[in-house]
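Trainee: Have a look at this one before I ask anything.
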Number of protein chains: 2
Amino acid sequence: MPLPLTPVITAFERSPDRGRGLARDTRVRWAFEEVGQPYEVRLVSFDAMKEPPHRALHPFGQIPTYEEGALVLFESGAIVFHIAERHAGLLPDDANARGRAITWMFAALNTVEPPILDLQTAKFLEGDKSWYDERLPLVKDRIRDRLGELSNRLGNADWLDGAFSAGDLLMVSVLLRLKASGLLDEYPNLSAYVARGEARPAYKRAFAAQLAVFTGQQPAG
Amino acid sequence: MPLPLTPVITAFERSPDRGRGLARDTRVRWAFEEVGQPYEVRLVSFDAMKEPPHRALHPFGQIPTYEEGALVLFESGAIVFHIAERHAGLLPDDANARGRAITWMFAALNTVEPPILDLQTAKFLEGDKSWYDERLPLVKDRIRDRLGELSNRLGNADWLDGAFSAGDLLMVSVLLRLKASGLLDEYPNLSAYVARGEARPAYKRAFAAQLAVFTGQQPAG
């Protein structure tokens, strides 16, 4: 019988956000930590990400990738789902509750993340353009539309649908991108929701591990 | 034993694209048709979509939703996945191939669709702004980046990873949004890929069914 394989993921060799944990490997690290699955990380430079060997793993030249023997996956959502399907703790056993948790995974990535990413796209790719200042409020209002709807649905609940799930893991990860913008502060229940995610021991371990790449220090304990 | 429930989805009462099939109910109809699952459609007006009864089904006030007894889902990706998990034909049996097909589902919705949607957002929400004409080439180039990478990966293959899967269903659905822009024509293998999707009998039935809502006529056959 073959020994169990330790999955290997890729992450940025140099952190573009200086260890704030916004790169997409953090979501995958978090999922591993929630279910107690050890993993290894291979760091990739920005140049190497665009070269054929990495493109063979990830056609869009990004991180993270996931390798487990002959299996190669990319897309953080798909990797988190793969982990959640194989271990207890991230998807409910009840079939209907499981379907709803998966719905929140897709909602985080296809409905909530795109307008949030537009804010970063505007800053990094259009920050020097003449229209940047005038256009920014439109971009922010489109984010507010989504946050308002999400805030209404969450209400006073701790998590989006019962117990913490992979849907919450991805939604919190997506909302964390807004921390620096102040937009999250306009929705106290969403701020508290994100804080609950950050307070989970598994998130703290994942955050420390990605930060250690930037600081060059091993995470404590 | 209870009778099997026919799932009910929602779709626009009036087609915003005049029946070109770009609303997200088409993807779900296509998935139903691929697996041979009958379904019912409840049409929703633009006003009703934003009212509490529909918001209870879909917190972001959109279509499609999916109802099957007590189960309520939203997000076209999650609904397609739900259908694919319960019927043969949209996900491979082999565990690794299944993981790769799911990866393409997420890639379609989280990596390829967002820059494509930006083109529509720019047109509909910023078409009257002073920066529209100057900014448009940037938006199109971001789409070209993704299309070039996808084109390289697809190569001469018929589908993204072996047999047609829910990953192809979603990717073709996303790329169809580009038909009017002419951008797809710059990548002959992607144009052919989309045409292969459109040529599938299941897609044709789904397209006819959504068109019938707009024309007010029953689809033939």
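Simple scheme: letters A, B, ... for chains in structure tokens order, numbers from 1 for residues in each chain, numbers from 1 for ligands in the order shown.
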Got a sec: who's within 12 Å of range 28-35 of chain A, counting only C-alpha atoms, leaving out chain neighbours fewer than 4 positions off, as a PyMOL selection string?

Mentor: chain A and resi 6-11+21-24+39-41+63-66+73-91+164-170+172-173+197-211

Trainee: Counting only C-alpha atoms, which residues in chain B sit no more than 6 Å from chain A? For each one, give the nearest pair of atoms and the distance in Å, sorted by chain then residue number, as a Markdown table.

Mentor:
```
| residue | atom | partner | partner_atom | distance |
| --- | --- | --- | --- | --- |
| B:Phe60 | CA | A:Glu149 | CA | 5.7 |
| B:Leu71 | CA | A:Asn96 | CA | 5.9 |
| B:Ala78 | CA | A:Thr103 | CA | 4.9 |
| B:Asn96 | CA | A:Leu71 | CA | 5.8 |
| B:Thr103 | CA | A:Ala78 | CA | 5.0 |
| B:Leu109 | CA | A:Asn110 | CA | 5.8 |
| B:Asn110 | CA | A:Asn110 | CA | 5.6 |
| B:Pro114 | CA | A:Pro114 | CA | 5.8 |
| B:Glu149 | CA | A:Phe60 | CA | 5.7 |
```

Trainee: Which distance in Å separates CA of Glu13 in chain A and CA of Gln62 in chain A, to one decimal?

Mentor: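 Calculated distance between CA of Glu13 in chain A and CA of Gln62 in chain A is 12.1 Å.
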
Trainee: To one decimal in Å, tell me the separation between CA of Thr215 in chain B and CA of Gly19 in chain B.

Mentor: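 Computed distance, CA of Thr215 in chain B to CA of Gly19 in chain B, equals 7.8 Å.
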
Trainee: Figure out the distance between CA of Leu160 in chain B and CA of Leu178 in chain B, please, to one decimal in Å.

Mentor: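 Computed distance, CA of Leu178 in chain B to CA of Leu160 in chain B, equals 18.5 Å.
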
Trainee: If you run DSSP on the backbone here, which positions in range 13-221 of chain A get strand (DSSP E)? Please write them as a ChimeraX atom specification.

Mentor: /A:40-44,65-68,71-74

Trainee: Can you pull out every residue from chain B that DSSP, working from the backbone, puts in helix (DSSP H, G or I), and format the result as a ChimeraX atom specification?

Mentor: /B:25-35,46-49,52-57,76-86,95-126,132-154,166-176,179-181,183-186,188-198,201-215
